[in-house]
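Asks: final_6.csv is the file, holding CSV, C-alpha atoms and all ligand atoms:
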```csv
chain,number,residue,atom,x,y,z
F,468,MET,CA,18.1,-4.4,24.8
F,469,THR,CA,15.3,-2.4,23.2
F,470,LYS,CA,13.0,-4.3,20.9
F,471,ALA,CA,12.9,-3.2,17.2
F,472,LEU,CA,9.6,-1.6,16.3
F,473,GLY,CA,7.2,-3.6,14.2
F,474,PHE,CA,6.0,-2.5,10.7
F,475,GLY,CA,2.8,-0.9,12.0
F,476,ASP,CA,4.6,1.2,14.6
F,477,GLN,CA,7.3,2.2,12.1
F,478,LEU,CA,4.6,3.4,9.7
F,479,ALA,CA,2.7,5.2,12.5
F,480,LEU,CA,6.0,7.1,13.2
F,481,ALA,CA,6.6,7.9,9.5
F,482,MET,CA,3.0,9.1,9.1
F,483,GLY,CA,3.4,11.3,12.2
F,484,GLN,CA,6.5,12.8,10.6
F,485,TYR,CA,5.5,13.1,7.0
F,486,GLY,CA,1.7,12.9,6.8
F,487,PRO,CA,-0.7,10.4,5.4
F,488,LEU,CA,0.4,10.2,1.7
F,489,CYS,CA,1.8,7.1,0.1
F,490,VAL,CA,3.3,7.7,-3.4
F,491,GLY,CA,2.7,5.0,-5.9
F,492,VAL,CA,5.5,4.1,-8.3
F,493,ASP,CA,3.5,3.0,-11.3
F,494,PRO,CA,5.6,3.2,-14.5
F,495,HIS,CA,2.7,2.9,-17.0
F,496,PRO,CA,3.9,2.9,-20.6
F,497,GLY,CA,1.9,6.1,-21.2
F,498,LEU,CA,3.6,7.8,-18.3
F,499,LEU,CA,7.1,6.8,-19.4
F,500,GLU,CA,6.2,8.3,-22.8
F,501,GLN,CA,4.9,11.4,-21.2
F,502,TRP,CA,8.2,11.7,-19.3
F,503,GLY,CA,10.2,11.3,-22.5
F,504,LEU,CA,11.5,7.9,-21.5
F,505,GLU,CA,11.7,4.6,-23.3
F,506,ASP,CA,9.5,1.7,-22.3
F,507,ASP,CA,12.5,-0.3,-21.3
F,508,ALA,CA,14.8,-1.0,-18.3
F,509,ALA,CA,16.7,2.3,-18.7
F,510,GLY,CA,13.4,4.2,-18.8
F,511,LEU,CA,12.2,2.4,-15.7
F,512,GLU,CA,15.5,3.2,-13.9
F,513,SER,CA,15.3,6.9,-14.7
F,514,PHE,CA,11.6,7.0,-13.7
F,515,CYS,CA,12.3,5.3,-10.3
F,516,ALA,CA,15.3,7.6,-9.6
F,517,THR,CA,13.1,10.7,-10.1
F,518,VAL,CA,10.2,9.4,-8.0
F,519,LEU,CA,12.6,8.4,-5.2
F,520,GLU,CA,14.4,11.7,-5.2
F,521,ALA,CA,11.0,13.5,-4.8
F,522,ALA,CA,9.5,11.1,-2.3
F,523,ALA,CA,12.3,10.3,0.1
F,524,GLY,CA,12.1,12.4,3.3
F,525,ARG,CA,8.6,13.7,2.2
F,526,VAL,CA,6.2,10.8,2.4
F,527,ALA,CA,5.6,8.0,4.9
F,528,LEU,CA,5.4,5.2,2.3
F,529,LEU,CA,6.3,4.3,-1.3
F,530,LYS,CA,4.2,1.8,-3.2
F,531,PRO,CA,5.8,0.3,-6.3
F,532,GLN,CA,3.2,-1.5,-8.5
F,533,VAL,CA,4.9,-4.8,-9.1
F,534,ALA,CA,3.1,-5.7,-12.4
F,535,LEU,CA,4.5,-2.6,-14.1
F,536,PHE,CA,8.0,-3.9,-13.4
F,537,GLU,CA,7.1,-7.6,-14.2
F,538,ARG,CA,6.0,-6.6,-17.7
F,539,HIS,CA,9.6,-6.0,-18.5
F,540,GLY,CA,10.7,-9.5,-17.3
F,541,SER,CA,13.9,-10.0,-15.4
F,542,VAL,CA,15.3,-6.5,-16.3
F,543,GLY,CA,12.2,-5.0,-14.8
F,544,LEU,CA,12.6,-7.0,-11.6
F,545,ALA,CA,16.2,-5.9,-11.4
F,546,VAL,CA,15.2,-2.3,-11.5
F,547,LEU,CA,12.6,-3.0,-8.8
F,548,GLU,CA,15.3,-4.7,-6.6
F,549,SER,CA,17.5,-1.6,-7.0
F,550,LEU,CA,14.5,0.7,-6.1
F,551,LEU,CA,13.9,-1.3,-2.9
F,552,ALA,CA,17.6,-1.2,-1.9
F,553,GLU,CA,17.7,2.5,-2.5
F,554,ALA,CA,14.5,3.2,-0.6
F,555,ARG,CA,15.9,1.2,2.3
F,556,SER,CA,19.2,3.1,2.3
F,557,ARG,CA,17.1,6.3,2.5
F,558,SER,CA,14.9,5.0,5.3
F,559,LEU,CA,11.8,5.2,3.1
F,560,LEU,CA,9.2,2.5,4.0
F,561,VAL,CA,7.9,0.5,1.1
F,562,VAL,CA,4.8,-1.6,0.4
F,563,ALA,CA,5.3,-3.8,-2.7
F,564,ASP,CA,1.9,-3.9,-4.4
F,565,ALA,CA,2.1,-7.5,-5.5
F,566,LYS,CA,-1.3,-8.7,-4.4
F,567,ARG,CA,0.0,-12.2,-3.7
F,568,GLY,CA,-2.2,-15.1,-2.5
F,569,ASP,CA,-1.9,-18.9,-3.1
F,570,ILE,CA,-2.5,-22.2,-1.5
F,571,GLY,CA,-0.4,-22.8,1.7
F,572,SER,CA,2.3,-25.0,0.2
F,573,THR,CA,3.3,-22.4,-2.4
F,574,MET,CA,2.3,-19.3,-0.4
F,575,GLN,CA,5.5,-19.8,1.6
F,576,ALA,CA,7.5,-19.1,-1.5
F,577,TYR,CA,5.7,-15.8,-2.2
F,578,ALA,CA,6.2,-14.9,1.5
F,579,ASP,CA,10.0,-15.7,1.2
F,580,ALA,CA,10.2,-13.6,-2.0
F,581,TRP,CA,8.6,-10.4,-0.6
F,582,LEU,CA,9.3,-10.7,3.1
F,583,GLY,CA,12.2,-13.1,3.5
F,584,GLU,CA,15.5,-11.9,5.0
F,585,LYS,CA,17.6,-13.1,2.1
F,586,SER,CA,15.4,-12.1,-0.8
F,587,PRO,CA,16.5,-9.2,-3.1
F,588,LEU,CA,12.8,-8.3,-3.4
F,589,ALA,CA,12.2,-8.2,0.4
F,590,SER,CA,10.1,-5.1,1.2
F,591,ASP,CA,8.9,-3.6,4.4
F,592,SER,CA,5.4,-4.8,3.5
F,593,VAL,CA,3.4,-6.5,0.7
F,594,THR,CA,-0.2,-6.5,-0.4
F,595,LEU,CA,-2.0,-9.9,-0.2
F,596,SER,CA,-5.1,-11.2,-1.8
F,597,PRO,CA,-7.2,-13.4,0.6
F,598,TYR,CA,-9.5,-15.0,-2.0
F,599,LEU,CA,-7.9,-18.5,-1.5
F,600,GLY,CA,-9.0,-18.2,2.1
F,601,PHE,CA,-7.6,-15.9,4.8
F,602,GLU,CA,-5.7,-18.7,6.5
F,603,SER,CA,-3.9,-19.5,3.2
F,604,LEU,CA,-2.0,-16.3,3.8
F,605,ARG,CA,-0.6,-17.6,7.1
F,606,PRO,CA,3.0,-18.1,5.8
F,607,ALA,CA,3.2,-14.5,4.8
F,608,LEU,CA,1.5,-13.2,8.0
F,609,ASP,CA,3.9,-15.2,10.2
F,610,LEU,CA,7.0,-14.4,8.3
F,611,ALA,CA,6.1,-10.7,8.4
F,612,HIS,CA,5.8,-10.9,12.2
F,613,GLU,CA,9.1,-12.7,12.4
F,614,GLN,CA,10.9,-10.2,10.2
F,615,GLN,CA,9.3,-7.0,11.7
F,616,ARG,CA,7.6,-6.5,8.3
F,617,GLY,CA,4.0,-5.9,7.4
F,618,THR,CA,1.1,-7.0,5.2
F,619,PHE,CA,-1.9,-5.3,3.7
F,620,VAL,CA,-4.8,-7.7,3.0
F,621,LEU,CA,-7.3,-6.7,0.2
F,622,ALA,CA,-10.7,-6.2,1.9
F,623,LEU,CA,-12.8,-3.7,-0.1
F,624,THR,CA,-10.9,-2.7,-3.2
F,625,SER,CA,-11.2,0.6,-5.0
F,626,ASN,CA,-12.4,-0.7,-8.4
F,627,PRO,CA,-16.2,-0.8,-9.1
F,628,GLU,CA,-16.1,-4.5,-10.0
F,629,GLY,CA,-14.8,-5.4,-6.5
F,630,LYS,CA,-18.3,-5.3,-5.0
F,631,THR,CA,-19.6,-8.2,-7.2
F,632,VAL,CA,-17.4,-10.5,-5.1
F,633,GLN,CA,-16.6,-8.5,-1.9
F,634,HIS,CA,-20.1,-7.4,-1.0
F,635,VAL,CA,-21.8,-10.7,-1.4
F,636,GLY,CA,-23.3,-11.9,1.8
F,637,GLY,CA,-23.8,-8.4,3.4
F,638,GLU,CA,-22.6,-8.5,7.0
F,639,ARG,CA,-21.3,-12.1,6.5
F,640,SER,CA,-19.4,-10.9,3.4
F,641,VAL,CA,-15.8,-11.9,2.6
F,642,ALA,CA,-14.8,-8.4,3.4
F,643,ALA,CA,-16.4,-8.4,6.8
F,644,GLN,CA,-15.1,-11.8,7.7
F,645,ILE,CA,-11.5,-10.9,6.6
F,646,ILE,CA,-11.6,-7.7,8.7
F,647,ALA,CA,-12.8,-9.7,11.7
F,648,SER,CA,-10.1,-12.3,11.3
F,649,ALA,CA,-7.3,-9.8,10.7
F,650,VAL,CA,-8.3,-7.9,13.9
F,651,ALA,CA,-8.8,-11.0,16.1
F,652,GLU,CA,-5.9,-13.1,14.9
F,653,ASN,CA,-3.1,-11.0,13.6
F,654,ASN,CA,-2.7,-7.8,15.5
F,655,ALA,CA,-3.5,-9.2,18.9
F,656,ARG,CA,0.2,-9.2,19.8
F,657,ASP,CA,2.5,-6.6,21.1
F,658,PHE,CA,2.7,-3.2,19.4
F,659,LEU,CA,2.5,0.4,20.4
F,660,ASN,CA,0.3,2.2,17.9
F,661,MET,CA,-0.6,-0.1,15.1
F,662,GLY,CA,-0.1,-3.8,14.5
F,663,PRO,CA,1.7,-5.1,11.4
F,664,CYS,CA,-1.3,-6.5,9.6
F,665,GLY,CA,-3.2,-3.9,7.6
F,666,LEU,CA,-6.1,-3.8,5.3
F,667,VAL,CA,-6.7,-2.3,1.8
F,668,VAL,CA,-9.9,-0.4,1.6
F,669,GLY,CA,-10.5,1.9,-1.3
F,670,ALA,CA,-11.1,5.6,-0.9
F,671,THR,CA,-13.9,5.2,-3.5
F,672,VAL,CA,-16.0,2.7,-1.5
F,673,GLY,CA,-18.5,5.3,-0.3
F,674,ARG,CA,-21.0,3.9,2.1
F,675,ALA,CA,-19.9,0.3,1.7
F,676,LEU,CA,-18.4,0.0,5.2
F,677,LYS,CA,-21.8,1.1,6.7
F,678,GLU,CA,-23.9,-1.1,4.4
F,679,LEU,CA,-21.8,-4.2,5.2
F,680,GLN,CA,-21.8,-3.3,8.9
F,681,ILE,CA,-18.0,-3.2,9.0
F,682,ASP,CA,-16.9,-1.4,12.1
F,683,LEU,CA,-13.2,-0.3,11.7
F,684,SER,CA,-13.2,1.4,15.1
F,685,THR,CA,-11.9,-1.8,16.6
F,686,PHE,CA,-9.3,-2.3,13.9
F,687,ASN,CA,-5.8,-1.9,15.2
F,688,GLY,CA,-3.6,-1.9,12.0
F,689,PRO,CA,-2.9,0.4,9.2
F,690,ILE,CA,-5.4,1.0,6.3
F,691,LEU,CA,-4.0,1.5,2.8
F,692,ALA,CA,-6.5,3.5,0.8
F,693,PRO,CA,-6.0,3.7,-2.9
F,694,GLY,CA,-8.5,5.6,-5.1
F,695,TYR,CA,-7.6,9.2,-4.1
F,696,GLY,CA,-6.8,11.4,-7.1
F,697,ALA,CA,-6.8,9.6,-10.5
F,698,GLN,CA,-9.7,7.2,-9.5
F,699,GLY,CA,-11.9,10.1,-8.5
F,700,ALA,CA,-12.1,10.2,-4.7
F,701,SER,CA,-11.4,13.6,-3.1
F,702,ALA,CA,-9.8,14.0,0.3
F,703,LYS,CA,-13.3,14.8,1.7
F,704,ASP,CA,-14.8,11.6,0.2
F,705,LEU,CA,-11.9,9.6,1.7
F,706,TYR,CA,-12.3,10.9,5.2
F,707,ALA,CA,-16.0,10.4,5.1
F,708,VAL,CA,-15.3,6.7,4.5
F,709,PHE,CA,-12.8,6.5,7.3
F,710,ALA,CA,-14.5,8.7,9.9
F,711,GLY,CA,-13.1,7.7,13.4
F,712,VAL,CA,-10.0,5.9,12.1
F,713,GLU,CA,-8.4,8.8,10.2
F,714,ASP,CA,-5.0,8.4,11.8
F,715,GLN,CA,-4.6,4.8,10.6
F,716,VAL,CA,-5.2,5.6,7.0
F,717,VAL,CA,-2.2,5.8,4.6
F,718,VAL,CA,-3.5,7.3,1.3
F,719,ASN,CA,-2.1,6.1,-2.0
F,720,SER,CA,-1.8,8.3,-5.0
F,721,SER,CA,0.0,7.1,-8.1
F,722,ARG,CA,-1.0,8.7,-11.4
F,723,GLY,CA,-2.3,11.8,-9.5
F,724,ILE,CA,1.3,12.5,-8.5
F,725,LEU,CA,3.2,11.0,-11.4
F,726,GLN,CA,1.4,12.9,-14.1
F,727,ALA,CA,3.2,16.0,-12.8
F,728,GLY,CA,6.6,14.6,-14.0
F,729,PRO,CA,9.2,14.4,-15.5
F,730,THR,CA,11.0,16.7,-13.1
F,731,ALA,CA,11.6,15.8,-9.4
F,732,GLN,CA,10.7,19.4,-8.5
F,733,ALA,CA,7.3,19.1,-10.1
F,734,LEU,CA,6.6,15.8,-8.2
F,735,VAL,CA,7.7,17.5,-5.0
F,736,GLU,CA,5.2,20.2,-5.5
F,737,LYS,CA,2.4,17.7,-6.2
F,738,ILE,CA,3.4,15.6,-3.2
F,739,GLU,CA,3.3,18.7,-0.9
F,740,ALA,CA,0.0,19.8,-2.3
F,741,ALA,CA,-1.5,16.3,-1.9
F,742,ASN,CA,-0.3,16.0,1.7
F,743,ALA,CA,-1.6,19.4,2.6
F,744,ASP,CA,-5.0,18.6,0.9
F,745,LEU,CA,-5.3,15.4,3.0
F,746,VAL,CA,-4.2,16.9,6.3
F,747,SER,CA,-6.6,19.8,5.9
F,748,ALA,CA,-9.6,17.4,5.1
F,749,ARG,CA,-8.6,15.1,7.9
F,750,ASN,CA,-8.5,18.0,10.5
F,751,LYS,CA,-11.9,19.4,9.5
F,801,LIG,O1,-8.1,-1.6,-4.3
F,801,LIG,C1,-7.0,-1.3,-4.8
F,801,LIG,C2,-5.8,-1.9,-4.6
F,801,LIG,C3,-4.7,-1.5,-5.2
F,801,LIG,N1,-4.7,-0.4,-6.1
F,801,LIG,C4,-3.4,0.0,-6.7
F,801,LIG,O2,-3.2,1.4,-6.2
F,801,LIG,C5,-2.7,2.1,-7.3
F,801,LIG,C6,-3.7,3.2,-7.7
F,801,LIG,O3,-3.2,4.0,-8.7
F,801,LIG,P1,-3.8,5.4,-9.2
F,801,LIG,O4,-3.0,5.8,-10.3
F,801,LIG,O5,-3.6,6.4,-8.0
F,801,LIG,O6,-5.2,5.2,-9.5
F,801,LIG,C7,-2.4,1.2,-8.5
F,801,LIG,O7,-1.1,0.7,-8.3
F,801,LIG,C8,-3.4,0.0,-8.2
F,801,LIG,O8,-3.0,-1.2,-8.7
F,801,LIG,C9,-5.9,0.2,-6.4
F,801,LIG,O9,-6.0,1.1,-7.1
F,801,LIG,N2,-7.0,-0.3,-5.7
```
Would you write the structure of this file as structure tokens?
Ligand SMILES: O=c1ccn([C@@H]2O[C@H](COP(=O)(O)O)[C@@H](O)[C@H]2O)c(=O)[nH]1
Replies:
Amino acid sequence: MTKALGFGDQLALAMGQYGPLCVGVDPHPGLLEQWGLEDDAAGLESFCATVLEAAAGRVALLKPQVALFERHGSVGLAVLESLLAEARSRSLLVVADAKRGDIGSTMQAYADAWLGEKSPLASDSVTLSPYLGFESLRPALDLAHEQQRGTFVLALTSNPEGKTVQHVGGERSVAAQIIASAVAENNARDFLNMGPCGLVVGATVGRALKELQIDLSTFNGPILAPGYGAQGASAKDLYAVFAGVEDQVVVNSSRGILQAGPTAQALVEKIEAANADLVSARNK
């Protein structure tokens, strides 16, 4: 019997087929208004249906921003559950951007929620925050392996405030340590192209990898890079950050794509333009 592909390998295949773009599903109240939608469950539902229609079969990964569903309470989570089910039925890989991280005894519950077989919120992968200690994430890392799902651990985030925590200690910084652990511990198992444990490194971090002496050339998982588009990083900036590991980088754009709404056709045009922009900068 052939073994099912792990998350990193599934993502590598999808990036080979559709390119490096990940579309963010970020239903900000201002965007809902711009799209002529109410800031309620029906508005969310319509927003998600349009993004899905535009993204399915055109991008490698979809990234719903969980907080923008949670702000609607249980009805928002119900819309997110439907979006996840619909993406699955259309073979579109999803990373739930939930940025979860907790002490070991309760981390298991977050892992069950986002990666568990029976959970209605189960996603192909989830973002994790390692600031309670990298090993506190173990329940999620292990469940992801078991379920052929993936994780993306925040390392160097795209926001300017991130460096006040993440850069402290230079080459012994939290970011550098996390990267070392993720490489050594979590992807040293069987995979073809990429392991299931990824990193989040912002496209906006400039020379931070060099300054902190973080060498991604030995990193063997996917790198989720937010910051392209609305946060100011160009495709050229982005590939300068990730020189040498370009093929592992899946590039998120949320507002940069979504501002083109409300029609699916306008989103498709933005998606195609962004993918072309990224591929052209990557191949230079
Ligand atoms: O370091 C990080 C980690 C996550 N994000 C998330 O990505 C998107 C970015 O949205 P844009 O509209 O393209 O700026 C958003 O969901 C963030 O929560 C990030 O930006 N930086």
Asks: At a cut-off of 12 Å, using all atoms listed in the file, what residues contact Pro496 of chain F? Leave out same-chain residues fewer than 4 positions from it and give the result as a list of chain:residue names.
Replies: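 What passes the distance filter is F:Glu500, F:Gln501, F:Trp502, F:Gly503, F:Leu504, F:Glu505, F:Asp506, F:Asp507, F:Ala508, F:Gly510, F:Leu511, F:Phe514, F:Ala534, F:Leu535, F:Phe536, F:Arg538, F:His539, F:Arg722.
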Asks: How many Å separate atom CA of Leu691 of chain F from atom O6 of ligand LIG 801 (chain F)?
Replies: 12.9 Å
Asks: Check which residues fall inside 9 Å of ligand LIG 801 (chain F) when counting only C-alpha atoms and all ligand atoms, and print them as a PyMOL selection string.
Replies: chain F and resi 490-493+530-535+564-566+594+621-626+629+667-671+691-699+719-725
Asks: One decimal, in Å: what's the spacing between atom CA of Asp609 of chain F and atom CA of Ala563 of chain F?
Replies: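 For atom CA of Asp609 of chain F relative to atom CA of Ala563 of chain F, the distance reads 17.3 Å.
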Asks: Residues within 8 Å of segment 475-485 of chain F, please, as a list of chain:residue names. Count all atoms listed in the file; anything in the same chain fewer than 2 positions from it doesn't count.
Replies: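 Once the nearby chain positions are removed, what remains is F:Leu472, F:Gly473, F:Pro487, F:Leu488, F:Gly524, F:Arg525, F:Val526, F:Ala527, F:Leu528, F:Leu560, F:Gly617, F:Phe658, F:Leu659, F:Asn660, F:Met661, F:Gly662, F:Pro663, F:Cys664, F:Gly688, F:Pro689, F:Gln715, F:Val717.
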Asks: Kindly indicate which residue among F:Leu551, F:Leu666, F:Leu745, F:Ile738 lies nearest to Ala702 of chain F, using all atoms listed in the file for the distances.
Replies: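 Once distances to Ala702 of chain F are computed over all atoms listed in the file, the minimum belongs to F:Leu745.
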Asks: Identify which of the residues F:Pro729, F:Gly673, F:Gly665, F:Pro494 lies closest to Asp704 of chain F, counting all atoms listed in the file when measuring atom-to-atom distances.
Replies: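 Of F:Pro729, F:Gly673, F:Gly665, F:Pro494, the one nearest Asp704 of chain F is F:Gly673, counting all atoms listed in the file.
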Asks: List the neighbours of segment 584-592 of chain F out to 6 Å using all atoms listed in the file; skip same-chain residues closer than 6 positions along the sequence, and give me the result as a ChimeraX atom specification.
Replies: /F:548,561-562,616-618
Asks: Looking at only C-alpha atoms, which of F:Val712, F:Arg639, F:His612, F:Trp581 is the one that sits closest to Ala471 of chain F?
Replies: F:His612
Asks: Nearest residue to Ala655 of chain F out of F:Lys630, F:Val735, F:Phe686, F:Tyr577, using all atoms listed in the file?
Replies: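 With all atoms listed in the file as the atom set, the closest residue is F:Phe686.
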Asks: Quick one: of F:Gly600, F:Ile690, F:Val672, F:Ala521, who's nearest to Pro627 of chain F, counting only C-alpha atoms?
Replies: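 Smallest distance to Pro627 of chain F is found for F:Val672.
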Asks: May I ask for the distance between atom CA of Ala607 of chain F and atom CA of Tyr706 of chain F, given in Å to one decimal place?
Replies: 29.8 Å
